[in-house]
$ cat query_10.txt   # compact mmCIF, C-alpha atoms
# COMPACT_ATOMS: atom_id res chain seq x y z
CA MET A 1 -91.61 39.36 37.48
CA LYS A 2 -89.16 37.18 35.54
CA THR A 3 -89.37 33.49 34.81
CA ALA A 4 -86.39 31.17 35.23
CA LYS A 5 -83.80 31.26 32.46
CA ARG A 6 -84.29 27.54 31.75
CA LEU A 7 -87.74 28.30 30.36
CA SER A 8 -86.13 29.86 27.28
CA ASN A 9 -84.71 26.42 26.41
CA ILE A 10 -88.13 24.77 26.41
CA SER A 11 -89.97 25.15 23.12
CA PRO A 12 -93.72 24.72 22.71
CA PHE A 13 -95.13 22.00 20.49
CA HIS A 14 -95.68 23.51 17.06
CA VAL A 15 -98.55 21.10 16.61
CA MET A 16 -100.40 22.76 19.50
CA ASP A 17 -100.79 25.90 17.37
CA LEU A 18 -102.13 23.74 14.58
CA LEU A 19 -104.46 21.88 16.95
CA ALA A 20 -105.80 25.16 18.31
CA ARG A 21 -106.50 26.29 14.75
CA ALA A 22 -108.21 22.99 13.95
CA LYS A 23 -110.43 23.26 17.03
CA GLN A 24 -111.31 26.82 16.10
CA PHE A 25 -112.37 25.64 12.65
CA GLN A 26 -114.46 22.88 14.24
CA ALA A 27 -116.17 25.38 16.51
CA GLU A 28 -117.05 27.34 13.39
CA GLY A 29 -118.69 24.23 11.95
CA ARG A 30 -115.95 23.05 9.59
CA ASP A 31 -115.30 19.36 8.94
CA ILE A 32 -111.87 18.49 10.41
CA ILE A 33 -110.08 15.13 10.16
CA HIS A 34 -107.60 14.75 13.03
CA LEU A 35 -104.48 12.84 12.03
CA GLU A 36 -102.20 14.91 14.27
CA VAL A 37 -103.07 13.73 17.79
CA GLY A 38 -100.88 11.05 19.37
CA GLU A 39 -103.62 8.87 20.78
CA PRO A 40 -106.02 6.46 19.07
CA ASP A 41 -109.76 7.00 18.97
CA PHE A 42 -110.31 3.95 21.22
CA PRO A 43 -111.65 4.67 24.72
CA SER A 44 -110.36 2.90 27.81
CA LEU A 45 -111.63 -0.65 28.12
CA PRO A 46 -114.95 -1.04 30.01
CA CYS A 47 -113.20 -3.23 32.60
CA VAL A 48 -110.75 -0.41 33.33
CA ILE A 49 -113.52 2.14 33.75
CA SER A 50 -115.42 -0.24 36.00
CA ALA A 51 -112.31 -0.94 38.10
CA GLY A 52 -111.68 2.78 38.49
CA GLN A 53 -115.26 3.39 39.59
CA GLN A 54 -115.04 0.48 42.02
CA ALA A 55 -111.81 1.87 43.46
CA LEU A 56 -113.55 5.16 44.17
CA ALA A 57 -116.56 3.38 45.69
CA ASN A 58 -114.23 1.33 47.90
CA GLY A 59 -112.54 4.46 49.22
CA HIS A 60 -109.19 3.98 47.46
CA THR A 61 -108.58 7.71 47.43
CA HIS A 62 -105.57 7.92 49.75
CA TYR A 63 -101.88 7.99 48.87
CA THR A 64 -100.09 4.83 47.83
CA PRO A 65 -96.36 4.41 48.57
CA ALA A 66 -94.24 6.74 46.44
CA LEU A 67 -93.02 3.86 44.28
CA GLY A 68 -96.60 2.76 43.62
CA LEU A 69 -99.20 0.23 44.62
CA PRO A 70 -97.30 -2.99 45.43
CA GLN A 71 -100.00 -5.13 43.83
CA LEU A 72 -99.68 -3.23 40.55
CA ARG A 73 -95.87 -3.46 40.59
CA GLN A 74 -96.18 -7.22 41.10
CA VAL A 75 -98.68 -7.61 38.26
CA ILE A 76 -96.37 -5.71 35.89
CA ALA A 77 -93.53 -8.07 36.82
CA GLN A 78 -95.82 -11.02 36.08
CA TYR A 79 -96.71 -9.42 32.72
CA TYR A 80 -93.04 -9.28 31.73
CA LYS A 81 -92.70 -12.95 32.65
CA SER A 82 -95.77 -14.17 30.75
CA ARG A 83 -95.44 -11.97 27.64
CA TYR A 84 -91.67 -11.56 27.27
CA GLN A 85 -90.30 -14.50 29.28
CA VAL A 86 -88.12 -12.23 31.38
CA ASP A 87 -87.83 -12.19 35.17
CA VAL A 88 -88.12 -8.73 36.70
CA ASP A 89 -88.01 -8.13 40.44
CA TRP A 90 -91.13 -6.10 41.22
CA ASN A 91 -89.08 -4.10 43.73
CA ARG A 92 -87.30 -2.55 40.73
CA ILE A 93 -90.55 -1.16 39.28
CA VAL A 94 -91.66 2.43 39.89
CA ILE A 95 -95.22 3.57 39.13
CA THR A 96 -95.29 7.14 37.82
CA PRO A 97 -97.75 9.83 36.66
CA GLY A 98 -97.51 8.86 33.00
CA ALA A 99 -94.27 8.01 31.23
CA SER A 100 -93.49 11.73 31.57
CA GLY A 101 -93.21 11.24 35.33
CA ALA A 102 -90.71 8.44 34.74
CA LEU A 103 -88.69 10.59 32.33
CA GLN A 104 -88.61 13.40 34.87
CA LEU A 105 -87.42 11.01 37.57
CA VAL A 106 -84.64 9.45 35.52
CA THR A 107 -83.24 12.74 34.19
CA THR A 108 -83.30 14.25 37.69
CA LEU A 109 -81.62 11.15 39.10
CA LEU A 110 -78.82 10.96 36.53
CA LEU A 111 -78.03 14.42 35.16
CA ASP A 112 -76.18 17.25 36.84
CA GLU A 113 -75.85 20.76 35.46
CA SER A 114 -74.02 20.75 32.08
CA ASP A 115 -74.22 16.96 31.76
CA GLN A 116 -75.41 15.67 28.39
CA ILE A 117 -77.94 13.04 27.37
CA MET A 118 -77.60 11.70 23.83
CA LEU A 119 -80.84 11.57 21.83
CA ALA A 120 -81.83 10.65 18.30
CA ASP A 121 -82.86 13.37 15.86
CA PRO A 122 -85.73 12.92 14.99
CA GLY A 123 -87.29 12.02 18.30
CA TYR A 124 -89.89 12.92 20.90
CA PRO A 125 -89.23 16.61 21.70
CA CYS A 126 -90.08 16.50 25.41
CA ASN A 127 -87.02 14.36 26.08
CA ARG A 128 -84.69 17.28 25.42
CA HIS A 129 -86.88 19.49 27.58
CA PHE A 130 -86.67 17.13 30.56
CA ALA A 131 -82.91 17.60 30.35
CA ALA A 132 -83.31 21.38 30.22
CA VAL A 133 -85.40 21.37 33.40
CA VAL A 134 -82.40 20.07 35.37
CA ASN A 135 -80.01 22.42 33.52
CA ALA A 136 -78.49 19.54 31.57
CA GLN A 137 -78.15 19.48 27.79
CA ALA A 138 -79.68 17.39 25.05
CA GLN A 139 -76.97 16.07 22.73
CA GLU A 140 -79.03 15.41 19.62
CA VAL A 141 -77.42 13.20 16.98
CA VAL A 142 -78.82 13.33 13.47
CA THR A 143 -79.79 9.82 12.43
CA SER A 144 -80.06 8.34 8.98
CA ALA A 145 -83.00 7.05 6.96
CA LYS A 146 -80.94 3.95 6.10
CA ASP A 147 -80.99 3.14 9.85
CA ASP A 148 -84.73 3.89 10.10
CA PHE A 149 -83.67 6.98 12.07
CA HIS A 150 -82.40 4.85 14.95
CA LEU A 151 -79.34 5.88 16.93
CA THR A 152 -76.59 3.33 16.25
CA ALA A 153 -73.75 1.97 18.37
CA LEU A 154 -71.24 3.52 15.96
CA GLN A 155 -72.82 6.95 16.40
CA VAL A 156 -72.73 6.56 20.18
CA SER A 157 -69.00 5.84 20.02
CA GLN A 158 -68.33 8.67 17.57
CA HIS A 159 -70.33 11.33 19.41
CA TRP A 160 -69.61 10.42 23.04
CA GLN A 161 -68.13 13.36 24.94
CA LYS A 162 -66.76 13.89 28.41
CA GLN A 163 -70.08 15.42 29.54
CA THR A 164 -72.21 12.62 28.05
CA LYS A 165 -73.78 10.56 30.84
CA ALA A 166 -76.66 8.71 29.19
CA VAL A 167 -78.24 7.68 25.88
CA MET A 168 -81.99 7.52 25.34
CA VAL A 169 -83.63 5.60 22.50
CA ALA A 170 -87.25 4.71 21.74
CA THR A 171 -88.75 1.58 20.23
CA PRO A 172 -91.24 1.74 18.61
CA SER A 173 -90.31 5.29 17.78
CA ASN A 174 -92.29 8.48 17.72
CA PRO A 175 -92.47 9.93 15.03
CA THR A 176 -91.43 7.11 12.70
CA GLY A 177 -93.07 3.97 14.11
CA ALA A 178 -89.77 2.17 13.43
CA VAL A 179 -88.78 -0.71 15.71
CA MET A 180 -85.35 -1.69 17.05
CA ASN A 181 -84.38 -5.33 17.41
CA LEU A 182 -82.54 -6.92 20.31
CA GLN A 183 -79.23 -7.00 18.45
CA GLN A 184 -79.37 -3.26 17.81
CA LEU A 185 -80.11 -2.66 21.48
CA GLN A 186 -77.37 -5.08 22.53
CA ASP A 187 -74.84 -3.26 20.34
CA LEU A 188 -75.92 0.06 21.85
CA GLN A 189 -75.60 -1.37 25.33
CA THR A 190 -72.07 -2.59 24.60
CA ALA A 191 -70.97 0.79 23.22
CA ILE A 192 -72.47 2.65 26.19
CA LYS A 193 -70.91 0.30 28.74
CA GLN A 194 -67.52 0.98 27.20
CA GLN A 195 -68.08 4.63 28.08
CA ARG A 196 -69.46 3.75 31.54
CA GLY A 197 -72.73 5.42 30.60
CA VAL A 198 -76.41 4.68 31.08
CA LEU A 199 -78.95 3.39 28.54
CA ILE A 200 -82.55 4.58 28.82
CA VAL A 201 -85.06 2.80 26.58
CA ASP A 202 -88.46 4.39 25.98
CA GLU A 203 -90.90 1.53 25.37
CA ILE A 204 -94.17 3.43 25.73
CA TYR A 205 -95.48 2.01 22.43
CA GLN A 206 -94.53 -1.54 23.42
CA GLY A 207 -97.30 -3.96 22.52
CA LEU A 208 -98.17 -1.91 19.44
CA VAL A 209 -95.74 -3.86 17.23
CA PHE A 210 -97.47 -5.49 14.29
CA ASP A 211 -95.09 -8.43 13.89
CA SER A 212 -95.34 -10.21 17.25
CA ALA A 213 -91.86 -11.67 16.77
CA LYS A 214 -90.49 -8.10 16.90
CA ASP A 215 -92.37 -7.15 20.07
CA ILE A 216 -89.44 -7.16 22.48
CA THR A 217 -88.22 -5.40 25.59
CA ALA A 218 -84.72 -4.19 26.41
CA LEU A 219 -85.06 -6.19 29.63
CA GLN A 220 -84.34 -9.25 27.45
CA LEU A 221 -80.78 -8.04 26.84
CA SER A 222 -78.10 -10.47 27.92
CA GLY A 223 -75.46 -9.68 30.49
CA ASP A 224 -75.32 -7.07 33.22
CA GLN A 225 -78.24 -4.60 33.18
CA SER A 226 -77.02 -2.35 35.99
CA ASN A 227 -76.92 0.65 33.62
CA LEU A 228 -80.36 0.02 32.04
CA PHE A 229 -83.56 1.98 32.66
CA VAL A 230 -86.74 0.96 30.81
CA ILE A 231 -89.74 3.31 30.66
CA ASN A 232 -93.27 2.30 29.77
CA SER A 233 -96.79 3.69 29.89
CA PHE A 234 -100.42 2.72 30.29
CA SER A 235 -101.34 5.37 27.71
CA LYS A 236 -100.80 3.81 24.29
CA TYR A 237 -101.24 0.02 24.06
CA PHE A 238 -103.33 -0.02 27.23
CA ALA A 239 -105.50 2.94 26.06
CA MET A 240 -105.38 4.87 29.33
CA THR A 241 -104.02 8.24 28.17
CA GLY A 242 -106.17 10.41 30.43
CA TRP A 243 -105.51 8.31 33.53
CA ARG A 244 -101.89 9.56 33.49
CA LEU A 245 -100.08 6.44 34.55
CA GLY A 246 -96.74 4.92 33.58
CA TRP A 247 -93.87 2.92 35.02
CA MET A 248 -90.13 2.44 34.98
CA VAL A 249 -87.90 -0.57 35.58
CA ALA A 250 -84.64 0.62 37.14
CA PRO A 251 -81.44 -0.98 38.45
CA GLU A 252 -81.47 -1.90 42.13
CA TRP A 253 -78.86 0.73 42.99
CA ALA A 254 -81.16 3.50 41.72
CA MET A 255 -84.28 2.60 43.69
CA GLU A 256 -83.54 4.52 46.89
CA GLY A 257 -82.85 7.71 44.97
CA LEU A 258 -85.93 7.27 42.78
CA ASP A 259 -88.07 6.70 45.88
CA ARG A 260 -86.71 9.89 47.46
CA LEU A 261 -87.28 11.89 44.28
CA ALA A 262 -90.81 10.53 43.78
CA GLN A 263 -91.70 11.50 47.34
CA ASN A 264 -90.62 15.07 46.67
CA ILE A 265 -91.70 15.59 43.04
CA PHE A 266 -95.15 14.00 42.89
CA LEU A 267 -95.52 12.00 46.17
CA ALA A 268 -97.31 9.14 44.38
CA ALA A 269 -99.18 8.37 41.17
CA ASN A 270 -102.96 8.64 41.00
CA THR A 271 -104.44 6.04 43.36
CA PRO A 272 -107.76 5.21 41.59
CA ALA A 273 -105.85 5.02 38.28
CA GLN A 274 -103.44 2.47 39.76
CA HIS A 275 -106.33 0.29 40.91
CA ALA A 276 -107.99 0.66 37.49
CA ALA A 277 -104.77 -0.39 35.75
CA LEU A 278 -104.85 -3.77 37.46
CA ALA A 279 -107.76 -4.68 35.16
CA VAL A 280 -105.80 -4.34 31.90
CA PHE A 281 -103.63 -7.35 32.71
CA GLU A 282 -106.56 -9.77 32.81
CA LYS A 283 -106.53 -12.28 29.94
CA GLU A 284 -109.75 -11.00 28.32
CA ALA A 285 -108.55 -7.39 28.51
CA LEU A 286 -105.25 -8.23 26.82
CA GLN A 287 -107.15 -10.05 24.07
CA GLN A 288 -109.27 -6.94 23.48
CA LEU A 289 -106.17 -4.75 23.37
CA ASP A 290 -104.57 -7.04 20.80
CA GLU A 291 -107.74 -6.80 18.69
CA ARG A 292 -107.31 -3.03 18.74
CA LYS A 293 -103.70 -3.48 17.68
CA THR A 294 -104.93 -5.52 14.72
CA GLU A 295 -107.26 -2.65 13.78
CA LEU A 296 -104.33 -0.22 13.92
CA GLN A 297 -102.35 -2.54 11.64
CA LYS A 298 -105.22 -2.53 9.13
CA ARG A 299 -105.18 1.25 9.20
CA ARG A 300 -101.43 1.30 8.63
CA ASP A 301 -101.75 -1.17 5.78
CA PHE A 302 -104.34 1.09 4.17
CA LEU A 303 -102.64 4.43 4.76
CA LEU A 304 -99.04 3.59 3.91
CA PRO A 305 -99.58 2.65 0.22
CA GLU A 306 -102.05 5.51 -0.19
CA LEU A 307 -99.46 8.04 0.96
CA ILE A 308 -96.82 6.52 -1.31
CA LYS A 309 -99.25 6.73 -4.28
CA LEU A 310 -99.72 10.42 -3.51
CA GLY A 311 -95.95 10.92 -3.69
CA PHE A 312 -95.02 11.08 -0.01
CA ASP A 313 -91.59 9.58 0.64
CA VAL A 314 -91.77 7.17 3.58
CA VAL A 315 -88.16 6.21 4.31
CA ALA A 316 -88.52 4.54 7.74
CA GLU A 317 -90.63 1.39 7.90
CA PRO A 318 -93.52 1.97 10.36
CA GLU A 319 -93.60 -1.39 12.14
CA GLY A 320 -95.31 -0.20 15.31
CA ALA A 321 -96.99 2.61 17.25
CA PHE A 322 -99.49 4.46 14.99
CA TYR A 323 -97.39 6.92 13.04
CA ILE A 324 -95.99 7.38 9.54
CA PHE A 325 -93.16 9.89 9.04
CA ALA A 326 -93.11 11.13 5.45
CA ARG A 327 -90.83 13.47 3.51
CA ILE A 328 -92.47 16.34 1.57
CA SER A 329 -89.44 18.40 0.48
CA HIS A 330 -89.43 16.86 -3.03
CA PHE A 331 -92.97 18.07 -3.78
CA ASN A 332 -93.49 20.83 -6.30
CA HIS A 333 -95.33 22.88 -3.72
CA ARG A 334 -94.65 26.34 -2.37
CA HIS A 335 -94.50 25.03 1.22
CA ALA A 336 -92.57 21.83 0.46
CA LYS A 337 -89.50 23.08 2.38
CA ASP A 338 -91.49 24.29 5.42
CA SER A 339 -93.47 21.54 7.13
CA MET A 340 -95.25 23.91 9.53
CA ALA A 341 -96.46 26.11 6.68
CA PHE A 342 -97.41 22.99 4.70
CA CYS A 343 -99.50 21.63 7.59
CA LEU A 344 -101.20 24.94 8.27
CA ASP A 345 -102.02 25.40 4.59
CA LEU A 346 -103.30 21.83 4.32
CA LEU A 347 -105.55 22.37 7.34
CA GLU A 348 -106.82 25.70 6.02
CA LYS A 349 -107.66 24.37 2.57
CA THR A 350 -108.78 20.79 3.28
CA GLY A 351 -109.58 20.41 6.98
CA VAL A 352 -106.98 17.62 7.34
CA ALA A 353 -104.75 18.08 10.41
CA ILE A 354 -101.29 16.44 10.44
CA THR A 355 -98.15 17.15 12.49
CA PRO A 356 -95.15 19.16 11.21
CA GLY A 357 -91.82 17.38 11.43
CA VAL A 358 -90.18 20.41 13.08
CA ASP A 359 -91.59 19.20 16.38
CA PHE A 360 -89.37 16.12 16.18
CA SER A 361 -86.24 17.15 14.31
CA PRO A 362 -84.33 20.44 14.65
CA SER A 363 -82.08 19.46 11.74
CA HIS A 364 -84.43 18.34 8.97
CA GLY A 365 -87.92 18.35 10.42
CA HIS A 366 -88.91 21.08 7.99
CA GLU A 367 -88.79 18.39 5.28
CA TYR A 368 -91.15 15.93 7.00
CA VAL A 369 -94.67 15.54 8.33
CA ARG A 370 -96.18 12.92 10.63
CA PHE A 371 -99.47 11.14 10.04
CA ALA A 372 -101.20 9.50 13.03
CA TYR A 373 -103.57 6.77 11.85
CA THR A 374 -105.76 7.29 14.88
CA GLN A 375 -109.04 7.42 12.95
CA PRO A 376 -111.12 4.70 11.23
CA ILE A 377 -110.23 3.70 7.68
CA SER A 378 -113.28 5.55 6.36
CA GLU A 379 -111.83 8.79 7.77
CA LEU A 380 -108.36 7.96 6.46
CA GLN A 381 -109.88 7.48 3.00
CA ARG A 382 -111.60 10.88 3.19
CA ALA A 383 -108.32 12.46 4.26
CA MET A 384 -106.45 10.91 1.35
CA ASP A 385 -109.08 12.14 -1.12
CA LYS A 386 -108.74 15.66 0.26
CA ILE A 387 -104.93 15.59 0.19
CA LYS A 388 -104.97 14.21 -3.37
CA HIS A 389 -106.95 17.23 -4.57
CA TYR A 390 -104.76 19.54 -2.49
CA LEU A 391 -101.60 18.32 -4.20
CA MET A 392 -103.01 18.46 -7.73

$ encode --input "query_10.txt" --output "structure tokens"
Amino acid sequence: MKTAKRLSNISPFHVMDLLARAKQFQAEGRDIIHLEVGEPDFPSLPCVISAGQQALANGHTHYTPALGLPQLRQVIAQYYKSRYQVDVDWNRIVITPGASGALQLVTTLLLDESDQIMLADPGYPCNRHFAAVVNAQAQEVVTSAKDDFHLTALQVSQHWQKQTKAVMVATPSNPTGAVMNLQQLQDLQTAIKQQRGVLIVDEIYQGLVFDSAKDITALQLSGDQSNLFVINSFSKYFAMTGWRLGWMVAPEWAMEGLDRLAQNIFLAANTPAQHAALAVFEKEALQQLDERKTELQKRRDFLLPELIKLGFDVVAEPEGAFYIFARISHFNHRHAKDSMAFCLDLLEKTGVAITPGVDFSPSHGHEYVRFAYTQPISELQRAMDKIKHYLM
């Protein structure tokens, strides 16, 4: 039997090979420090767990509407109003199985065969694969360190082609942790409107921005937003990775099509998870989540200077999320030009697991690695000590 041809365009995560090796070493009794996994060590809040258990006890195990639990959609709209001072009609909010479900919906809605979606290189690799699933193409534009690896309005204008239908950007970014400001997004929006295209903004690390003045949403953009899709998630800031829940804010004209697609692709998001998610918007829960953000900032403030002292070149300022993207190609090391080999060798010799940049950048990912500061500072210190001896 043969698989579909599109499967050949979907690459595996290189880090999964490294993670499998790390888990094998752990099973053999080795001490492994995980700085490769894209989720913090924090569990879901107790109030979320309790709300999920209560939902099960109350029999909330049936389907919700395809667009999601109306109460949850309304609470998200209220959250945008209270935290970002922006009015969002809850009827424009779609609840999805993780942000991945939202990405699948929006690419299926917008892209026909041979259409192109413009993406930043480096960027989250699954985005190009969502395009491949609908036989569209990822149009990856190599970004510059001087722009913190953000896609710029000038690049959009320079690289726009007849087949280009949409542009997707992320803020804060994975793998860099860099944050875009409203002016950058506004300039992008203007350039894309001139081409009659669509702007998709991935905000799944929203809330994990260490300078509260820079914690923004693209929904704050001025002017017409009829070409704007904003994707978010309960996984990162809200610490609900395993619950698999996300959402999207879409233009009114897109809602009927998204509803129809949701009905056919996944029917509805997880019902107990939707009821559990209501709890994270309570005032006390949000305070606890912000305390966790402060802990992540402390970890960043420890790790960043330590990496620089060891000689890693951090060229994009990590202002959010929980990642640091660092160049290794200048090291006098036999694997300095091959990030996958560097990461495997580092794991083998020290037990420290980090992510190779090739997962995020086809053009120059071999020169970079990503550190996830998803462990306590004591573990980060141990990792730095091990890497210091490795590089000697």

$ atom_distance --input "query_10.txt" --atom1 "CA of Thr164 in chain A" --atom2 "CA of Gln116 in chain A"
4.4 Å

$ closest_residue --input "query_10.txt" --among "A:Ile265, A:Val156, A:Ala277, A:Ala213" --to "Arg73 in chain A" --atoms "all atoms listed in the file"
A:Ala277

$ closest_residue --input "query_10.txt" --among "A:Thr143, A:Asn127, A:Ser363, A:Gln375" --to "Gly101 in chain A" --atoms "only C-alpha atoms"
A:Asn127

$ axis_aligned_box --input "query_10.txt" --around "range 275-291 of chain A" --padding-each-side "5 Å" --output "AutoDock Vina command-line options"
--center_x -106.7 --center_y -5.8 --center_z 29.8 --size_x 16.1 --size_y 22.9 --size_z 32.2

$ residues_around --input "query_10.txt" --residues "range 218-235 of chain A" --least-positions-apart "4" --cutoff "7 Å" --atoms "only C-alpha atoms" --output "PyMOL selection string"
chain A and resi 86+98-99+102+182+185-186+198-204+239-241+245-251

$ residues_around --input "query_10.txt" --residues "Phe331 in chain A" --least-positions-apart "5" --cutoff "12 Å" --atoms "only C-alpha atoms" --output "PyMOL selection string"
chain A and resi 310-313+326+336-339+342+367-368+390-392

$ write_last_selection --input "query_10.txt" --atoms "C-alpha atoms" --output "JSON list (two decimals), in the coordinates of the input"
[["chain", "number", "residue", "atom", "x", "y", "z"],
["A", 310, "LEU", "CA", -99.72, 10.42, -3.51],
["A", 311, "GLY", "CA", -95.95, 10.92, -3.69],
["A", 312, "PHE", "CA", -95.02, 11.08, -0.01],
["A", 313, "ASP", "CA", -91.59, 9.58, 0.64],
["A", 326, "ALA", "CA", -93.11, 11.13, 5.45],
["A", 336, "ALA", "CA", -92.57, 21.83, 0.46],
["A", 337, "LYS", "CA", -89.50, 23.08, 2.38],
["A", 338, "ASP", "CA", -91.49, 24.29, 5.42],
["A", 339, "SER", "CA", -93.47, 21.54, 7.13],
["A", 342, "PHE", "CA", -97.41, 22.99, 4.70],
["A", 367, "GLU", "CA", -88.79, 18.39, 5.28],
["A", 368, "TYR", "CA", -91.15, 15.93, 7.00],
["A", 390, "TYR", "CA", -104.76, 19.54, -2.49],
["A", 391, "LEU", "CA", -101.60, 18.32, -4.20],
["A", 392, "MET", "CA", -103.01, 18.46, -7.73]]

$ residues_around --input "query_10.txt" --residues "His14 in chain A" --least-positions-apart "3" --cutoff "8 Å" --atoms "only C-alpha atoms" --output "ChimeraX atom specification"
/A:17-18,340,356,358-359

$ closest_residue --input "query_10.txt" --among "A:His34, A:Lys193, A:Lys165, A:Lys293" --to "Val106 in chain A" --atoms "all atoms listed in the file"
A:Lys165

$ residues_near_point --input "query_10.txt" --point "(-92.5, -12.1, 23.9)" --cutoff "7 Å" --atoms "only C-alpha atoms" --output "count of residues only"
5

$ closest_residue --input "query_10.txt" --among "A:Ala138, A:Val209, A:Gly38, A:His60" --to "Leu111 in chain A" --atoms "all atoms listed in the file"
A:Ala138

$ atom_distance --input "query_10.txt" --atom1 "CA of Asp115 in chain A" --atom2 "CA of His364 in chain A"
25.0 Å

$ atom_distance --input "query_10.txt" --atom1 "CA of Leu344 in chain A" --atom2 "CA of His389 in chain A"
16.0 Å

$ residues_around --input "query_10.txt" --residues "Tyr63 in chain A" --least-positions-apart "4" --cutoff "12 Å" --atoms "only C-alpha atoms" --output "number ranges by chain"
A: 59, 67-69, 263, 266-275

$ closest_residue --input "query_10.txt" --among "A:Gly357, A:Pro97, A:Gly351, A:Gly257" --to "Pro122 in chain A" --atoms "only C-alpha atoms"
A:Gly357

$ decode --input "query_10.txt" --residues "range 362-381 of chain A" --atoms "N, CA and C atoms" --output "PDB file, in the first residue's frame"
ATOM      1  N   PRO A 362      15.116  26.079   7.612  1.00  0.00           N
ATOM      2  CA  PRO A 362      15.768  25.314   6.537  1.00  0.00           C
ATOM      3  C   PRO A 362      17.032  25.980   6.030  1.00  0.00           C
ATOM      4  N   SER A 363      17.115  27.318   6.135  1.00  0.00           N
ATOM      5  CA  SER A 363      18.236  28.042   5.533  1.00  0.00           C
ATOM      6  C   SER A 363      19.472  28.067   6.412  1.00  0.00           C
ATOM      7  N   HIS A 364      19.332  28.420   7.690  1.00  0.00           N
ATOM      8  CA  HIS A 364      20.514  28.506   8.539  1.00  0.00           C
ATOM      9  C   HIS A 364      20.305  27.898   9.920  1.00  0.00           C
ATOM     10  N   GLY A 365      19.364  26.984  10.032  1.00  0.00           N
ATOM     11  CA  GLY A 365      19.135  26.331  11.308  1.00  0.00           C
ATOM     12  C   GLY A 365      20.290  25.477  11.779  1.00  0.00           C
ATOM     13  N   HIS A 366      21.127  25.062  10.843  1.00  0.00           N
ATOM     14  CA  HIS A 366      22.294  24.251  11.230  1.00  0.00           C
ATOM     15  C   HIS A 366      23.274  25.051  12.083  1.00  0.00           C
ATOM     16  N   GLU A 367      23.124  26.381  12.096  1.00  0.00           N
ATOM     17  CA  GLU A 367      24.029  27.234  12.861  1.00  0.00           C
ATOM     18  C   GLU A 367      23.498  27.561  14.256  1.00  0.00           C
ATOM     19  N   TYR A 368      22.273  27.142  14.577  1.00  0.00           N
ATOM     20  CA  TYR A 368      21.620  27.579  15.803  1.00  0.00           C
ATOM     21  C   TYR A 368      21.091  26.414  16.624  1.00  0.00           C
ATOM     22  N   VAL A 369      20.918  26.676  17.911  1.00  0.00           N
ATOM     23  CA  VAL A 369      20.237  25.749  18.812  1.00  0.00           C
ATOM     24  C   VAL A 369      19.228  26.551  19.641  1.00  0.00           C
ATOM     25  N   ARG A 370      18.228  25.849  20.155  1.00  0.00           N
ATOM     26  CA  ARG A 370      17.233  26.506  21.009  1.00  0.00           C
ATOM     27  C   ARG A 370      17.282  25.924  22.413  1.00  0.00           C
ATOM     28  N   PHE A 371      17.324  26.821  23.386  1.00  0.00           N
ATOM     29  CA  PHE A 371      17.231  26.444  24.792  1.00  0.00           C
ATOM     30  C   PHE A 371      15.828  26.789  25.293  1.00  0.00           C
ATOM     31  N   ALA A 372      15.170  25.838  25.946  1.00  0.00           N
ATOM     32  CA  ALA A 372      13.886  26.098  26.597  1.00  0.00           C
ATOM     33  C   ALA A 372      14.126  26.154  28.103  1.00  0.00           C
ATOM     34  N   TYR A 373      13.899  27.329  28.703  1.00  0.00           N
ATOM     35  CA  TYR A 373      14.142  27.441  30.144  1.00  0.00           C
ATOM     36  C   TYR A 373      12.894  26.994  30.910  1.00  0.00           C
ATOM     37  N   THR A 374      12.626  25.711  30.741  1.00  0.00           N
ATOM     38  CA  THR A 374      11.429  25.086  31.295  1.00  0.00           C
ATOM     39  C   THR A 374      11.744  24.239  32.529  1.00  0.00           C
ATOM     40  N   GLN A 375      12.883  24.523  33.147  1.00  0.00           N
ATOM     41  CA  GLN A 375      13.304  23.831  34.368  1.00  0.00           C
ATOM     42  C   GLN A 375      13.693  24.874  35.418  1.00  0.00           C
ATOM     43  N   PRO A 376      13.686  24.511  36.692  1.00  0.00           N
ATOM     44  CA  PRO A 376      14.084  25.453  37.746  1.00  0.00           C
ATOM     45  C   PRO A 376      15.510  25.950  37.552  1.00  0.00           C
ATOM     46  N   ILE A 377      15.824  27.080  38.175  1.00  0.00           N
ATOM     47  CA  ILE A 377      17.147  27.681  38.026  1.00  0.00           C
ATOM     48  C   ILE A 377      18.247  26.727  38.479  1.00  0.00           C
ATOM     49  N   SER A 378      17.962  25.925  39.510  1.00  0.00           N
ATOM     50  CA  SER A 378      18.979  24.971  39.967  1.00  0.00           C
ATOM     51  C   SER A 378      19.358  23.993  38.855  1.00  0.00           C
ATOM     52  N   GLU A 379      18.361  23.569  38.060  1.00  0.00           N
ATOM     53  CA  GLU A 379      18.646  22.678  36.935  1.00  0.00           C
ATOM     54  C   GLU A 379      19.343  23.423  35.807  1.00  0.00           C
ATOM     55  N   LEU A 380      18.956  24.674  35.575  1.00  0.00           N
ATOM     56  CA  LEU A 380      19.639  25.473  34.556  1.00  0.00           C
ATOM     57  C   LEU A 380      21.109  25.662  34.918  1.00  0.00           C
ATOM     58  N   GLN A 381      21.385  25.869  36.199  1.00  0.00           N
ATOM     59  CA  GLN A 381      22.775  26.028  36.646  1.00  0.00           C
ATOM     60  C   GLN A 381      23.566  24.747  36.392  1.00  0.00           C
TER      61      GLN A 381
END
